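Asker: I am sharing start24.cif, which consists of mmCIF, C-alpha atoms and all ligand atoms:
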```cif
data_query
#
loop_
_atom_site.label_atom_id
_atom_site.label_comp_id
_atom_site.auth_asym_id
_atom_site.auth_seq_id
_atom_site.Cartn_x
_atom_site.Cartn_y
_atom_site.Cartn_z
CA MET D 21 -2.97 -9.75 -33.70
CA SER D 22 -4.89 -10.84 -30.64
CA GLU D 23 -3.08 -11.90 -27.50
CA GLN D 24 -4.48 -14.93 -25.75
CA TYR D 25 -3.65 -16.75 -22.54
CA LEU D 26 -5.18 -19.83 -21.01
CA ILE D 27 -4.50 -20.19 -17.28
CA ARG D 28 -5.00 -23.83 -16.26
CA ASN D 29 -6.20 -25.07 -12.85
CA ALA D 30 -6.02 -21.83 -10.87
CA ARG D 31 -7.73 -21.76 -7.46
CA ILE D 32 -9.63 -18.46 -7.70
CA LEU D 33 -9.70 -16.96 -4.16
CA GLY D 34 -8.42 -20.32 -2.91
CA GLY D 35 -11.38 -22.28 -4.33
CA GLU D 36 -11.55 -25.31 -6.61
CA PRO D 37 -9.18 -25.43 -9.62
CA THR D 38 -10.55 -23.85 -12.78
CA ASP D 39 -9.32 -22.47 -16.10
CA ILE D 40 -9.28 -18.77 -16.99
CA ALA D 41 -9.27 -17.65 -20.64
CA ILE D 42 -7.92 -14.19 -21.51
CA THR D 43 -8.22 -12.48 -24.88
CA ASP D 44 -6.91 -8.98 -25.58
CA GLY D 45 -6.73 -8.03 -21.92
CA VAL D 46 -10.18 -9.22 -20.94
CA ILE D 47 -11.30 -12.37 -19.10
CA THR D 48 -13.50 -14.14 -21.66
CA GLU D 49 -14.28 -17.47 -20.01
CA ILE D 50 -13.91 -19.25 -16.66
CA GLY D 51 -14.57 -22.98 -16.29
CA ALA D 52 -13.25 -26.53 -16.51
CA ASP D 53 -11.20 -27.82 -19.47
CA LEU D 54 -11.43 -24.68 -21.57
CA GLU D 55 -10.05 -24.62 -25.12
CA LEU D 56 -8.57 -21.50 -26.67
CA ALA D 57 -6.85 -22.08 -30.01
CA GLY D 58 -3.50 -20.33 -30.35
CA ALA D 59 -3.40 -19.27 -26.70
CA THR D 60 -0.29 -19.43 -24.55
CA VAL D 61 -1.00 -21.92 -21.77
CA VAL D 62 0.05 -21.03 -18.21
CA ASP D 63 -0.05 -23.96 -15.80
CA ALA D 64 -1.39 -22.71 -12.47
CA THR D 65 -1.89 -26.09 -10.82
CA GLY D 66 -1.90 -25.59 -7.06
CA LEU D 67 -1.74 -21.78 -7.31
CA VAL D 68 -4.16 -19.30 -5.75
CA ALA D 69 -5.52 -16.70 -8.19
CA LEU D 70 -6.24 -13.28 -6.78
CA PRO D 71 -7.32 -10.05 -8.47
CA GLY D 72 -4.36 -7.74 -9.17
CA LEU D 73 -3.35 -6.09 -5.90
CA VAL D 74 -3.82 -2.34 -5.41
CA ASP D 75 -1.50 -0.40 -3.10
CA LEU D 76 -2.91 2.84 -1.75
CA HIS D 77 0.40 3.95 -0.20
CA THR D 78 3.67 3.67 -2.16
CA HIS D 79 6.70 5.96 -2.17
CA LEU D 80 8.19 5.91 -5.68
CA ARG D 81 10.63 8.79 -4.95
CA GLU D 82 10.51 10.21 -8.49
CA PRO D 83 10.97 13.10 -9.06
CA GLY D 84 13.83 14.03 -6.75
CA ARG D 85 15.27 10.92 -5.12
CA GLU D 86 16.00 8.70 -8.09
CA ASP D 87 18.91 7.25 -6.12
CA ALA D 88 16.37 5.59 -3.79
CA GLU D 89 13.71 4.56 -6.32
CA THR D 90 12.26 5.51 -9.68
CA VAL D 91 8.82 5.02 -11.12
CA LEU D 92 10.36 2.28 -13.27
CA THR D 93 12.06 0.31 -10.48
CA GLY D 94 9.24 0.87 -8.00
CA THR D 95 6.64 -0.45 -10.43
CA GLN D 96 8.87 -3.42 -11.22
CA ALA D 97 9.01 -4.21 -7.50
CA ALA D 98 5.23 -3.75 -7.35
CA ALA D 99 4.62 -6.23 -10.18
CA ARG D 100 6.90 -8.76 -8.48
CA GLY D 101 4.74 -8.36 -5.38
CA GLY D 102 1.50 -9.00 -7.28
CA PHE D 103 0.41 -5.36 -7.59
CA THR D 104 -1.21 -4.06 -10.78
CA CYS D 105 -1.84 -0.55 -9.44
CA VAL D 106 0.06 1.58 -6.96
CA HIS D 107 -0.74 5.02 -5.58
CA ALA D 108 2.33 7.24 -5.59
CA MET D 109 2.72 9.36 -2.49
CA ALA D 110 3.19 13.11 -2.92
CA ASN D 111 6.33 13.64 -0.78
CA THR D 112 8.65 13.89 -3.78
CA ASP D 113 10.97 16.74 -4.76
CA PRO D 114 9.30 18.78 -6.14
CA VAL D 115 6.25 17.85 -4.10
CA ALA D 116 3.27 16.55 -6.10
CA ASP D 117 1.18 19.60 -5.26
CA THR D 118 0.32 20.81 -8.77
CA ALA D 119 -1.42 19.40 -11.82
CA GLY D 120 1.94 19.50 -13.60
CA VAL D 121 3.76 17.22 -11.17
CA VAL D 122 0.95 14.67 -10.76
CA GLU D 123 0.63 14.48 -14.55
CA GLN D 124 4.38 13.90 -14.82
CA VAL D 125 4.23 10.99 -12.34
CA TRP D 126 1.16 9.57 -14.07
CA ARG D 127 2.91 9.74 -17.46
CA LEU D 128 6.09 8.11 -16.09
CA GLY D 129 3.93 5.23 -14.84
CA ARG D 130 2.30 4.76 -18.26
CA GLU D 131 5.69 4.81 -19.96
CA ALA D 132 7.17 2.25 -17.57
CA GLY D 133 4.26 -0.10 -18.19
CA PHE D 134 4.90 -2.55 -15.35
CA CYS D 135 2.03 -1.45 -13.16
CA ASP D 136 -0.52 1.37 -13.27
CA VAL D 137 0.55 4.41 -11.26
CA GLN D 138 -2.15 6.60 -9.74
CA PRO D 139 -0.62 9.75 -8.25
CA ILE D 140 -1.71 11.11 -4.87
CA GLY D 141 -1.79 14.89 -4.58
CA ALA D 142 -0.42 16.88 -1.66
CA VAL D 143 -2.94 18.57 0.64
CA THR D 144 -0.78 21.63 1.25
CA VAL D 145 1.74 23.52 -0.86
CA GLY D 146 5.15 21.90 -0.50
CA LEU D 147 3.77 19.80 2.40
CA GLY D 148 4.23 23.03 4.32
CA GLY D 149 1.02 22.65 6.28
CA THR D 150 -0.04 26.27 5.86
CA GLN D 151 -1.67 26.72 2.46
CA LEU D 152 -4.01 24.39 0.56
CA ALA D 153 -2.55 23.04 -2.69
CA GLU D 154 -4.51 23.25 -5.95
CA LEU D 155 -6.65 20.20 -5.15
CA GLY D 156 -9.27 20.92 -7.82
CA ALA D 157 -6.70 21.32 -10.59
CA MET D 158 -5.10 18.00 -9.65
CA ALA D 159 -8.53 16.33 -9.65
CA ASP D 160 -9.29 17.81 -13.09
CA SER D 161 -5.87 16.89 -14.52
CA ALA D 162 -5.10 13.86 -16.68
CA ALA D 163 -3.97 12.16 -13.48
CA ASP D 164 -7.57 12.31 -12.17
CA VAL D 165 -6.43 12.58 -8.54
CA ARG D 166 -8.95 11.63 -5.85
CA VAL D 167 -6.62 10.91 -2.90
CA PHE D 168 -4.80 13.79 -1.21
CA SER D 169 -2.15 13.38 1.46
CA ASP D 170 0.75 15.23 3.05
CA ASP D 171 2.10 11.80 4.06
CA GLY D 172 5.41 12.05 5.84
CA LYS D 173 3.87 15.06 7.56
CA CYS D 174 0.60 15.46 9.39
CA VAL D 175 -1.95 18.09 8.37
CA SER D 176 -1.91 19.23 11.96
CA ASP D 177 -3.74 22.56 11.58
CA ALA D 178 -7.37 21.71 12.30
CA VAL D 179 -8.73 24.58 10.21
CA LEU D 180 -6.68 23.56 7.18
CA MET D 181 -7.74 19.93 7.62
CA ARG D 182 -11.34 21.00 7.78
CA ARG D 183 -10.99 23.05 4.59
CA ALA D 184 -9.32 20.16 2.76
CA LEU D 185 -12.11 17.80 3.79
CA GLU D 186 -14.70 20.32 2.61
CA TYR D 187 -12.93 20.96 -0.68
CA VAL D 188 -12.51 17.33 -1.78
CA LYS D 189 -16.23 16.66 -1.26
CA ALA D 190 -16.94 18.46 -4.53
CA PHE D 191 -15.27 15.69 -6.55
CA ASP D 192 -15.72 12.70 -4.21
CA GLY D 193 -12.12 12.92 -3.07
CA VAL D 194 -10.62 11.71 0.18
CA VAL D 195 -7.99 13.11 2.51
CA ALA D 196 -5.48 10.47 3.63
CA GLN D 197 -4.05 11.63 6.93
CA HIS D 198 -0.62 10.79 8.34
CA ALA D 199 -1.78 10.96 11.95
CA GLN D 200 1.07 12.35 14.01
CA GLU D 201 0.58 15.20 16.43
CA PRO D 202 3.80 17.15 15.84
CA ARG D 203 4.28 18.64 19.31
CA LEU D 204 3.83 15.25 20.98
CA THR D 205 6.43 13.67 18.72
CA GLU D 206 9.22 16.23 18.68
CA GLY D 207 12.49 14.34 18.40
CA ALA D 208 10.67 11.03 18.70
CA GLN D 209 12.72 8.00 17.70
CA MET D 210 10.57 4.97 18.52
CA ASN D 211 7.36 3.87 20.24
CA GLU D 212 6.97 5.33 23.74
CA GLY D 213 6.82 2.48 26.22
CA LEU D 214 8.87 0.01 28.20
CA VAL D 215 11.50 -0.45 25.51
CA SER D 216 12.05 3.25 24.81
CA GLY D 217 12.45 3.76 28.56
CA GLU D 218 15.08 1.05 28.79
CA LEU D 219 16.96 2.20 25.68
CA GLY D 220 16.78 5.87 26.58
CA LEU D 221 15.35 6.82 23.18
CA THR D 222 12.78 9.62 22.90
CA GLY D 223 9.36 8.01 22.78
CA TRP D 224 6.48 8.47 20.37
CA PRO D 225 3.29 8.03 22.36
CA ALA D 226 0.29 6.18 20.96
CA ALA D 227 -1.68 9.25 22.02
CA ALA D 228 0.10 11.34 19.37
CA GLU D 229 -1.49 9.16 16.69
CA GLU D 230 -4.82 8.64 18.42
CA ALA D 231 -5.41 12.34 19.14
CA ILE D 232 -5.24 13.13 15.41
CA VAL D 233 -7.29 10.08 14.39
CA ALA D 234 -10.03 11.08 16.83
CA ARG D 235 -9.96 14.74 15.82
CA ASP D 236 -10.13 13.95 12.12
CA CYS D 237 -12.95 11.42 12.48
CA VAL D 238 -14.97 14.09 14.23
CA LEU D 239 -14.03 16.71 11.62
CA ALA D 240 -14.91 14.42 8.70
CA ALA D 241 -18.29 13.71 10.27
CA HIS D 242 -18.85 17.39 10.92
CA VAL D 243 -18.33 18.40 7.29
CA GLY D 244 -19.75 15.14 5.83
CA SER D 245 -16.60 14.21 3.97
CA ARG D 246 -14.36 11.18 3.49
CA LEU D 247 -11.32 10.58 5.70
CA HIS D 248 -8.72 7.86 5.24
CA VAL D 249 -6.25 7.11 8.03
CA CYS D 250 -2.79 6.13 6.80
CA HIS D 251 -0.75 3.34 8.47
CA LEU D 252 -2.77 3.08 11.68
CA SER D 253 -0.64 1.37 14.32
CA THR D 254 -2.15 1.37 17.83
CA ARG D 255 -4.97 -0.40 19.66
CA GLY D 256 -6.47 2.98 20.54
CA SER D 257 -6.59 4.03 16.88
CA VAL D 258 -8.42 0.81 16.01
CA GLU D 259 -10.95 1.50 18.75
CA ILE D 260 -11.50 5.08 17.59
CA VAL D 261 -12.04 4.02 13.97
CA ARG D 262 -14.41 1.26 15.13
CA TRP D 263 -16.38 3.86 17.07
CA ALA D 264 -16.46 6.27 14.09
CA LYS D 265 -17.73 3.50 11.81
CA SER D 266 -20.41 2.57 14.34
CA LYS D 267 -21.70 6.12 13.97
CA GLY D 268 -21.94 5.64 10.19
CA TRP D 269 -19.14 8.09 9.45
CA ASP D 270 -17.25 7.80 6.17
CA VAL D 271 -13.89 6.85 7.65
CA THR D 272 -11.49 4.23 6.27
CA ALA D 273 -8.13 3.05 7.55
CA GLU D 274 -5.07 1.12 6.49
CA VAL D 275 -2.46 -1.00 8.26
CA THR D 276 0.97 -1.87 6.88
CA PRO D 277 2.34 -5.42 6.71
CA HIS D 278 5.14 -4.47 9.12
CA HIS D 279 2.70 -3.28 11.77
CA LEU D 280 0.93 -6.65 11.45
CA LEU D 281 4.14 -8.54 12.28
CA LEU D 282 6.92 -6.56 13.94
CA THR D 283 7.18 -5.01 17.43
CA ASP D 284 9.33 -2.43 19.19
CA GLU D 285 11.28 -5.25 20.85
CA LEU D 286 13.29 -5.33 17.61
CA VAL D 287 14.64 -1.85 18.33
CA ARG D 288 16.80 -3.27 21.16
CA GLY D 289 19.56 -4.04 18.66
CA TYR D 290 19.59 -0.38 17.52
CA ASP D 291 19.44 -1.51 13.88
CA PRO D 292 17.85 1.40 11.94
CA ILE D 293 16.33 -1.09 9.51
CA TYR D 294 13.51 -1.14 12.10
CA LYS D 295 13.15 2.64 12.21
CA VAL D 296 9.84 3.60 10.66
CA ASN D 297 7.04 6.12 10.89
CA PRO D 298 4.75 5.39 12.67
CA PRO D 299 7.07 3.34 14.89
CA LEU D 300 6.80 -0.37 15.49
CA ARG D 301 4.50 -0.75 18.48
CA THR D 302 3.87 -3.43 21.14
CA ALA D 303 2.69 -7.02 20.77
CA ASP D 304 -0.70 -5.91 22.08
CA ASP D 305 -0.98 -3.31 19.32
CA VAL D 306 -0.08 -5.98 16.76
CA LEU D 307 -2.92 -8.14 18.09
CA ALA D 308 -5.32 -5.20 17.89
CA VAL D 309 -4.48 -4.28 14.29
CA ARG D 310 -4.82 -7.93 13.24
CA GLU D 311 -8.26 -8.10 14.89
CA GLY D 312 -9.19 -4.76 13.33
CA LEU D 313 -8.22 -5.94 9.85
CA ALA D 314 -10.09 -9.22 10.37
CA ASP D 315 -13.35 -7.60 11.50
CA GLY D 316 -13.24 -4.87 8.83
CA THR D 317 -12.55 -1.94 11.16
CA ILE D 318 -9.30 -1.54 9.22
CA ASP D 319 -10.35 -1.59 5.57
CA ILE D 320 -7.11 -2.31 3.79
CA VAL D 321 -3.47 -3.33 3.89
CA ALA D 322 -1.18 -0.72 2.30
CA THR D 323 2.57 -1.24 2.03
CA ASP D 324 3.96 2.24 2.80
CA HIS D 325 6.89 1.03 0.66
CA ALA D 326 9.50 3.63 1.70
CA PRO D 327 12.82 3.07 -0.09
CA HIS D 328 15.95 4.70 1.31
CA PRO D 329 19.53 4.36 0.06
CA MET D 330 22.05 2.46 2.17
CA GLU D 331 23.78 5.59 3.49
CA ASP D 332 20.51 6.87 4.98
CA LYS D 333 19.85 3.59 6.83
CA GLU D 334 23.28 2.24 7.72
CA CYS D 335 24.17 4.89 10.28
CA GLU D 336 23.45 5.46 13.94
CA TRP D 337 19.80 5.13 14.98
CA SER D 338 19.08 8.81 15.59
CA ALA D 339 20.51 9.90 12.22
CA ALA D 340 18.80 7.21 10.12
CA ALA D 341 15.79 7.81 7.86
CA PHE D 342 12.33 6.49 8.75
CA GLY D 343 10.92 3.82 6.44
CA MET D 344 11.12 0.30 5.03
CA ILE D 345 10.46 -1.24 1.62
CA GLY D 346 7.58 -3.67 1.36
CA LEU D 347 6.03 -4.20 -2.08
CA GLU D 348 7.64 -7.59 -2.71
CA THR D 349 6.92 -9.03 0.74
CA ALA D 350 3.43 -7.64 1.47
CA LEU D 351 1.38 -10.63 0.35
CA SER D 352 3.69 -13.06 2.16
CA VAL D 353 3.44 -11.10 5.42
CA VAL D 354 -0.34 -10.97 5.08
CA GLN D 355 -0.47 -14.72 4.46
CA HIS D 356 1.76 -15.34 7.48
CA THR D 357 -0.05 -13.02 9.90
CA MET D 358 -3.64 -13.21 8.68
CA VAL D 359 -4.32 -16.27 6.49
CA ASP D 360 -2.14 -18.92 8.13
CA THR D 361 -3.54 -17.77 11.51
CA GLY D 362 -7.14 -18.23 10.30
CA LEU D 363 -7.99 -14.54 10.62
CA LEU D 364 -8.67 -13.92 6.90
CA THR D 365 -9.77 -16.04 3.95
CA TRP D 366 -8.26 -15.46 0.51
CA ALA D 367 -11.52 -13.81 -0.52
CA GLN D 368 -11.05 -11.36 2.34
CA VAL D 369 -7.42 -10.80 1.35
CA ALA D 370 -8.68 -9.88 -2.13
CA ASP D 371 -11.03 -7.39 -0.51
CA ARG D 372 -8.39 -5.83 1.79
CA MET D 373 -5.65 -5.66 -0.86
CA SER D 374 -7.58 -5.05 -4.10
CA ALA D 375 -11.29 -4.21 -4.03
CA ALA D 376 -11.32 -1.95 -0.96
CA PRO D 377 -8.23 0.16 -1.79
CA ALA D 378 -9.48 0.62 -5.38
CA HIS D 379 -12.84 1.73 -4.03
CA ILE D 380 -11.34 4.22 -1.56
CA SER D 381 -9.35 5.88 -4.33
CA ARG D 382 -12.13 5.57 -6.95
CA VAL D 383 -9.41 4.39 -9.35
CA GLY D 384 -10.63 3.12 -12.73
CA GLY D 385 -8.97 0.81 -15.22
CA GLY D 386 -10.73 -2.29 -13.93
CA HIS D 387 -8.63 -2.34 -10.75
CA GLY D 388 -10.20 -3.89 -7.68
CA ARG D 389 -12.70 -5.84 -9.75
CA PRO D 390 -13.27 -9.57 -9.21
CA ILE D 391 -11.82 -12.29 -11.44
CA ALA D 392 -14.91 -12.67 -13.61
CA VAL D 393 -15.92 -12.87 -17.27
CA GLY D 394 -15.92 -9.45 -18.91
CA GLU D 395 -13.48 -7.90 -16.42
CA ALA D 396 -10.03 -6.54 -17.27
CA ALA D 397 -7.51 -9.34 -16.72
CA HIS D 398 -5.60 -8.07 -13.68
CA VAL D 399 -4.67 -11.39 -12.10
CA VAL D 400 -2.03 -12.65 -9.67
CA LEU D 401 -1.03 -16.30 -9.43
CA TYR D 402 0.39 -17.03 -6.01
CA ASP D 403 1.99 -20.17 -4.59
CA ASP D 404 0.75 -20.23 -1.00
CA GLN D 405 2.58 -23.54 -0.36
CA ALA D 406 6.04 -22.12 -1.10
CA THR D 407 8.40 -20.74 1.53
CA ARG D 408 11.33 -18.44 0.95
CA THR D 409 14.05 -16.83 3.00
CA ILE D 410 14.10 -13.10 2.37
CA THR D 411 17.37 -11.75 0.97
CA PRO D 412 17.69 -7.97 0.55
CA ALA D 413 19.43 -8.24 -2.84
CA ASP D 414 16.49 -10.19 -4.28
CA THR D 415 14.47 -7.11 -5.19
CA ALA D 416 13.67 -4.95 -8.19
CA SER D 417 13.74 -1.90 -5.93
CA LEU D 418 16.78 0.38 -6.00
CA SER D 419 16.81 0.22 -2.20
CA ARG D 420 17.49 -2.71 0.09
CA ASN D 421 15.91 -1.60 3.35
CA THR D 422 13.73 -4.64 4.03
CA PRO D 423 13.15 -5.50 7.71
CA TYR D 424 12.69 -9.19 6.83
CA ALA D 425 16.26 -10.13 5.84
CA GLY D 426 16.93 -13.73 6.85
CA ARG D 427 13.32 -14.39 7.78
CA GLU D 428 11.43 -17.29 6.33
CA LEU D 429 8.07 -16.21 4.93
CA PRO D 430 5.38 -18.22 3.19
CA GLY D 431 4.27 -17.75 -0.41
CA ARG D 432 5.67 -16.58 -3.71
CA VAL D 433 4.16 -14.54 -6.55
CA VAL D 434 4.44 -16.71 -9.65
CA ALA D 435 2.69 -14.48 -12.19
CA THR D 436 1.17 -11.01 -12.43
CA PHE D 437 -1.08 -10.14 -15.37
CA LEU D 438 -1.81 -6.47 -16.08
CA ARG D 439 -4.66 -6.08 -18.60
CA GLY D 440 -3.96 -9.61 -19.79
CA VAL D 441 -0.23 -9.02 -20.28
CA PRO D 442 2.11 -11.17 -18.17
CA ILE D 443 4.37 -8.69 -16.37
CA VAL D 444 5.76 -11.45 -14.16
CA LEU D 445 5.90 -15.09 -15.27
CA ASP D 446 7.55 -17.98 -13.41
CA GLY D 447 8.49 -15.40 -10.80
CA GLN D 448 10.51 -13.40 -13.35
CA LEU D 449 9.86 -9.89 -14.66
CA GLN D 450 9.08 -9.97 -18.37
CA GLU D 451 10.06 -7.55 -21.11
CA VAL D 452 7.32 -4.95 -21.32
CA ARG D 453 6.46 -2.78 -24.27
CA ALA D 454 4.49 0.19 -23.01
N1 LIG H 1 6.89 5.56 6.62
C1 LIG H 1 8.08 6.11 6.77
O1 LIG H 1 8.75 5.80 7.74
N2 LIG H 1 8.57 6.99 5.88
C2 LIG H 1 7.89 7.54 4.76
C3 LIG H 1 6.97 8.64 5.15
C4 LIG H 1 5.68 8.20 5.77
O2 LIG H 1 5.03 7.25 5.30
O3 LIG H 1 5.21 8.83 6.73
C5 LIG H 1 8.93 8.03 3.76
O4 LIG H 1 8.58 8.79 2.84
O5 LIG H 1 10.09 7.61 3.86
ZN ZN H 2 3.16 8.46 6.79
ZN ZN H 3 4.24 6.79 3.62
#
```
Just dump the structure as C-alpha cells.
Ligand SMILES: NC(=O)N[C@@H](CC(=O)O)C(=O)O
Ligand SMILES: [Zn+2]
Ligand SMILES: [Zn+2]
Answerer:
Amino acid sequence: MSEQYLIRNARILGGEPTDIAITDGVITEIGADLELAGATVVDATGLVALPGLVDLHTHLREPGREDAETVLTGTQAAARGGFTCVHAMANTDPVADTAGVVEQVWRLGREAGFCDVQPIGAVTVGLGGTQLAELGAMADSAADVRVFSDDGKCVSDAVLMRRALEYVKAFDGVVAQHAQEPRLTEGAQMNEGLVSGELGLTGWPAAAEEAIVARDCVLAAHVGSRLHVCHLSTRGSVEIVRWAKSKGWDVTAEVTPHHLLLTDELVRGYDPIYKVNPPLRTADDVLAVREGLADGTIDIVATDHAPHPMEDKECEWSAAAFGMIGLETALSVVQHTMVDTGLLTWAQVADRMSAAPAHISRVGGGHGRPIAVGEAAHVVLYDDQATRTITPADTASLSRNTPYAGRELPGRVVATFLRGVPIVLDGQLQEVRA
C-alpha cells in the first residue's frame, strides 16, 4: 500500500505558500492547488518548510550512559527539534573506536526509527590520544563512517593529528577536532576573563582554543586533507578559520546555538547548568561567531547536545559535568539570534543546518538535499510566528540540562517528515514502526 501526504500552503524556505505532494517517501510534486487522491492532508498554512535538519555533533550516550540518554530517546528529541539525521559522537563507553561499536550504534539508530543516526568514529583508541583507532575499518563498515573525532578530548599530539589527517584522505574522511590545548586548560572551569577573575574560578583562555585551531589548519593544508573544527567559540578562532579559507584550505567549522546566545556573565550565579566545554565566552565573542556564521566563515550550526543526569549537574560548580542539551531548542535559538536579527535568511538556515553539515560528513540517504521533486521527503514544518517558554520537563531527552529554562524563544517545530513518514505531527511524536 502506498503512503501519501499532501502538505498544503507551506512556505518553502520562507517563500510563497505552495503544496508539496509526497508518495512513498519521495517528493513527487510541488505547486499550487495540488490533488492527490487518498493522501493524508497536512495543513501547513503560515508554516515555514525546511529540509530535514542534520546535526553533525550529538551525544547519544549509548552504549554506556543509558541513564543520561539512549539512541531511542536522543533520536526522539532530535525529531522534535526538526532533525532527520544526527551524527553520534564517539565518547561512549565503550568508545566508538572499532567497526563493531560504530555498527552497533548505527543499528540502534535504524531500529529506533525516529531519525537517521550516522556514527562518528574515534580518532584514537579509547580517546587515549596515543594510538590511532582503526579508521579504515570503521570507514569500510556498515556504518560507513567519514567523520572522526575524539570530541570531549583534543587530539593534542601534533604527530598523531597529522597521521589521522593523512589517513582519512584515502576515503574522503574528515577529522573533527575538539580544539582545547590541554596544558593551557588544566583545571579550567570557565572562560578566562573579567568574570573568571572576579569569581576566582580557573580560567580557560581563548588562546587554548585558537592555538589548536591555527595548528590544525596549517597541518590540514600541509597534508592536503579535510579538517572540521568542533564548537568554535572565540573571535580569534573565527579570524583564523577566515584566514585559512582565504588560502583555499579545506577547513570547515561549527558553532553551537548556546555560543550564539549565551555569555560568561551567566556564570556569576554559579549555576552549573551554564558549565559547558568550550565555555561560554564574552559578548564580543558572541558577536564574532554570529558574524562568522552569517558570512560563511563558520559553515554550520551543530547542537553539541550533551545530556547529563541531574546528579551530575545539580552539584557545586567545580564538581559538575560539562555540557547542555540542545536538540529541541536549536532551531529556535538560531531563529532568535540569526533570523530575527536579519543575519540569515531561511534559505541560509537550511544551508547551515542541513545542506552543509550533510556535505561535510558525506552522509547519504537524501539528507541535506533541497525540498524538490524527486528528492527523499525529509521535511520540517516550522511555525516561526509562535513563541514558547522553555520548560526543562518538556523534552523527549532523558536529561533535563537545558540552559534556556524560563526563557521565551520564538518558533515551534510542528512536523518532521523522515523519508515521507511523519515522525512528529502537530508537535507530537508519532508511533514509529522501524
Ligand atoms: N560539550 C560538553 O561540554 N560536553 C561534551 C563533550 C564535548 O563536546 O566536548 C560531553 O560529552 O558531555
Ligand atoms: Zn567537544
Ligand atoms: Zn561534544
Asker: Quick one: residues within 10 Å of ligand ZN 2 (chain H), with only C-alpha atoms and all ligand atoms, as a list of chain:residue names?
Answerer: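 Residues satisfying the distance criterion: D:His77, D:His79, D:Met109, D:Asn111, D:Ser169, D:Asp170, D:Asp171, D:Gly172, D:Lys173, D:Cys174, D:Ala196, D:Gln197, D:His198, D:Ala199, D:Gln200, D:Val249, D:Cys250, D:His251, D:Leu252, D:Val296, D:Asn297, D:Pro298, D:Asp324, D:Ala326, D:Phe342, D:Gly343.
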Asker: Between D:Asp291, D:Glu334, D:Asp75, D:Asp113, which is the closest to Val125 of chain D once you count all atoms listed in the file?
Answerer: D:Asp113
Asker: Report the centre and edge lengths, in Å to one decimal, of an axis-aligned box enclosing every atom of segment 302-307 of chain D listed in the file, padded by 5 Å on each side, as JSON.
Answerer:
```
{"center_x": 0.5, "center_y": -5.7, "center_z": 19.4, "size_x": 16.8, "size_y": 14.8, "size_z": 15.3}
```
Asker: Give me, as number ranges by chain, all polymer residues having an atom no more than 9 Å from Asp305 of chain D, counting all atoms listed in the file and skipping those fewer than 2 positions away in the same chain.
Answerer: D: 253-256, 279-280, 283, 301-303, 307-310
Asker: Could you pull the residues within 9 Å of Asp164 of chain D, counting only C-alpha atoms, minus those fewer than 3 positions along the same chain, as a list in words?
Answerer: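 The filter keeps Val122, Glu123, Gln138, Pro139, Met158, Ala159, Asp160, Ser161 and Val383 of chain D.
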Asker: Please, what distance in Å, to one decimal, runs between atom CA of Ser338 of chain D and atom CA of Pro202 of chain D?
Answerer: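 The value is 17.4 Å.
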Asker: Taking all atoms listed in the file into account, which of D:Val354, D:Val137, D:Met181, D:Ala240 comes nearest Gln151 of chain D?
Answerer: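 Among D:Val354, D:Val137, D:Met181, D:Ala240, it is D:Met181 that comes nearest to Gln151 of chain D.
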Asker: Show me, as a list in words, the residues that have an atom within 6 Å of Tyr402 of chain D when counting only C-alpha atoms, minus same-chain residues fewer than 6 positions from it.
Answerer: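 Residues near the query, excluding close chain neighbours: Leu67, Val68, Arg432, Val433 and Val434 of chain D.
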Asker: Extract, using all atoms listed in the file, all DNA, RNA and protein residues at most 10 Å from Pro83 of chain D, discarding same-chain residues fewer than 4 positions from it, and format them as number ranges by chain.
Answerer: D: 89-91, 110-116, 121, 124-125, 128
Asker: My list of candidates is D:Pro327, D:Gly289, D:Gly207, D:Gly217. Which is closest to ligand ZN 3 (chain H) when distances are computed with all atoms listed in the file?
Answerer: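 Checking each of D:Pro327, D:Gly289, D:Gly207, D:Gly217 against ligand ZN 3 (chain H), counting all atoms listed in the file, the winner is D:Pro327.
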Asker: Point out the residue among D:Ala178, D:Ala416, D:Tyr290, D:Ile47 with the least atom-to-atom distance to Gly220 of chain D, counting all atoms listed in the file.
Answerer: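 Checking each candidate against Gly220 of chain D, we get D:Tyr290 as the closest.
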Asker: For ligand ZN 3 (chain H), which residue among D:Thr276, D:Thr65, D:Asn211, D:Thr104 is the nearest when counting only C-alpha atoms and all ligand atoms?
Answerer: D:Thr276
Asker: Using Å and a single decimal, report how far atom CA of Leu221 of chain D sits from atom CA of Met330 of chain D.
Answerer: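 Interatomic distance, atom CA of Met330 of chain D to atom CA of Leu221 of chain D: 22.5 Å.
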Asker: Hey, what's within 8 Å of Pro329 of chain D if we count all atoms listed in the file and toss same-chain stuff fewer than 4 positions away? As JSON, numbers by chain, please?
Answerer: {"D": [87, 88, 333, 418, 419, 420, 421]}
Asker: Atoms are missing here; could segment 384-390 of chain D be completed with N, CA and C atoms and written as a PDB file, in the frame of the given file?
Answerer:
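Saved to out23.pdb:
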```pdb
ATOM      1  N   GLY D 384      -9.947   3.850 -11.650  1.00  0.00           N
ATOM      2  CA  GLY D 384     -10.630   3.120 -12.730  1.00  0.00           C
ATOM      3  C   GLY D 384      -9.750   2.002 -13.268  1.00  0.00           C
ATOM      4  N   GLY D 385      -9.844   1.771 -14.554  1.00  0.00           N
ATOM      5  CA  GLY D 385      -8.970   0.810 -15.220  1.00  0.00           C
ATOM      6  C   GLY D 385      -9.250  -0.637 -14.870  1.00  0.00           C
ATOM      7  N   GLY D 386     -10.409  -0.905 -14.271  1.00  0.00           N
ATOM      8  CA  GLY D 386     -10.730  -2.290 -13.930  1.00  0.00           C
ATOM      9  C   GLY D 386     -10.021  -2.791 -12.690  1.00  0.00           C
ATOM     10  N   HIS D 387      -9.315  -1.909 -11.971  1.00  0.00           N
ATOM     11  CA  HIS D 387      -8.630  -2.340 -10.750  1.00  0.00           C
ATOM     12  C   HIS D 387      -9.634  -2.572  -9.637  1.00  0.00           C
ATOM     13  N   GLY D 388      -9.326  -3.584  -8.807  1.00  0.00           N
ATOM     14  CA  GLY D 388     -10.200  -3.890  -7.680  1.00  0.00           C
ATOM     15  C   GLY D 388     -11.429  -4.686  -8.053  1.00  0.00           C
ATOM     16  N   ARG D 389     -11.542  -5.068  -9.305  1.00  0.00           N
ATOM     17  CA  ARG D 389     -12.700  -5.840  -9.750  1.00  0.00           C
ATOM     18  C   ARG D 389     -12.443  -7.334  -9.543  1.00  0.00           C
ATOM     19  N   PRO D 390     -13.482  -8.127  -9.424  1.00  0.00           N
ATOM     20  CA  PRO D 390     -13.270  -9.570  -9.210  1.00  0.00           C
ATOM     21  C   PRO D 390     -12.730 -10.256 -10.472  1.00  0.00           C
TER      22      PRO D 390
END
```
